[in-house]
Amino acid sequence: MKVGIAGGIGSGKSYVCKRLALRGIDVYDCDAAAKRLMRTSPTLQADIIALVGSLDKAAISQFLLASEDHQKAINAVIHPAVFRDFEESGMLWMESAIMYESGINRLVDRVVVVTAPEEVRLQRIMQRDSISRQQAQQWIGRQWPQKIVRTLANYEIVNDGIADIDTQIDRLLTTMNYQKL
């Protein structure tokens, strides 16, 4: 069974994935893969330069936030490369902030969404990325609302800083009858 870990920016997906790793479950990180592919794939680099004019992270971020059309253009280049890379990885679990927006959910059998209150997410993003509240809100606004992703997912892990993550993961694995191969 292939499993996707979804959740918007700042929800704590990476933390949940670290907790899964402690249980011997390796999780493919779509964001890390996209960054790696952008560094190593000459074809992908050429496509991004054609769109943005640069491979500079700040320039790409600015381009992405400028309009929905820009975001779609970048995604049309990066997503297929990440999809292929996941399929070739042989991994059974993947993490993606934009599981449904990107369509990568089609590659998994079950989706687990990690959720957190918006204020918690904002604080995490601002602290992690050293950006303003307004910039953090822009990033959240570029993704599907958490309540929609929650309704599409098969399972939910609440990462609000209060609920115990390990207990939720144990319950999830039991409910899924998941056994590491």
# chains A, B, ... in the order shown; residues from 1 in each chain; ligands from 1
$ residues_around --residues "range 4-7 of chain A" --least-positions-apart "3" --cutoff "8 Å" --atoms "only C-alpha atoms" --output "PyMOL selection string"
chain A and resi 11-13+93-99+105+108-115+146+149
$ write_last_selection --atoms "C-alpha atoms" --output "CSV table (one decimal), in the first residue's frame"
chain,number,residue,atom,x,y,z
A,11,SER,CA,1.2,21.9,9.5
A,12,GLY,CA,4.1,19.8,10.8
A,13,LYS,CA,4.2,17.1,8.1
A,93,TRP,CA,5.3,6.7,1.6
A,94,MET,CA,5.5,10.2,0.4
A,95,GLU,CA,5.1,13.7,1.9
A,96,SER,CA,3.6,16.6,-0.1
A,97,ALA,CA,2.2,20.0,0.9
A,98,ILE,CA,0.2,20.1,-2.3
A,99,MET,CA,-0.9,16.4,-2.5
A,105,ASN,CA,-2.4,11.8,-4.7
A,108,VAL,CA,-1.0,6.6,-3.5
A,109,ASP,CA,-3.7,4.3,-2.1
A,110,ARG,CA,-4.3,6.3,1.1
A,111,VAL,CA,-3.8,9.9,2.2
A,112,VAL,CA,-3.1,11.1,5.8
A,113,VAL,CA,-3.5,14.8,6.3
A,114,VAL,CA,-1.5,16.6,9.0
A,115,THR,CA,-3.5,19.6,10.4
A,146,GLN,CA,-7.0,22.7,5.2
A,149,VAL,CA,-7.8,18.6,2.2
$ select_by_dssp --residues "range 30-139 of chain A" --states "alpha helix (DSSP H)" --output "PyMOL selection string"
chain A and resi 30-40+42-52+57-66+68-89+99-102+118-129+133-139
$ closest_atom_pairs --of "range 64-134 of chain A" --to "range 46-49 of chain A" --cutoff "9 Å" --atoms "only C-alpha atoms" --output "CSV"
residue,atom,partner,partner_atom,distance
A:Ile74,CA,A:Ile48,CA,7.1
A:Val77,CA,A:Asp47,CA,6.9
A:Ile78,CA,A:Ile48,CA,8.5
$ closest_residue --among "A:Met126, A:Leu37, A:Val27, A:Gly103" --to "Tyr15 in chain A" --atoms "only C-alpha atoms"
A:Val27
$ select_by_dssp --residues "range 4-179 of chain A" --states "strand (DSSP E)" --output "VMD selection string"
chain A and resid 4 to 6 27 to 29 93 to 96 110 to 115 155 to 158
$ closest_residue --among "A:Arg150, A:Ile9, A:Ala81, A:Ala76" --to "Met38 in chain A" --atoms "only C-alpha atoms"
A:Ala81
$ residues_around --residues "Gln135 in chain A" --least-positions-apart "4" --cutoff "10 Å" --atoms "only C-alpha atoms" --output "MDAnalysis selection string"
chainID A and resid 65 122 125:126 129:131 139:141
$ atom_distance --atom1 "CA of Ser89 in chain A" --atom2 "CA of Ser41 in chain A"
16.1 Å
$ residues_around --residues "Val120 in chain A" --least-positions-apart "3" --cutoff "8 Å" --atoms "only C-alpha atoms" --output "VMD selection string"
chain A and resid 10 to 11 116 to 117 123 to 124 160
$ closest_residue --among "A:Ser54, A:Arg142, A:Arg171, A:Arg39" --to "Glu156 in chain A" --atoms "only C-alpha atoms"
A:Arg171
$ closest_residue --among "A:Asn154, A:Lys18, A:Leu55, A:Arg128" --to "Thr40 in chain A" --atoms "only C-alpha atoms"
A:Leu55
$ atom_distance --atom1 "CA of Phe83 in chain A" --atom2 "CA of Arg36 in chain A"
13.4 Å
$ atom_distance --atom1 "CA of Leu64 in chain A" --atom2 "CA of Leu107 in chain A"
24.7 Å
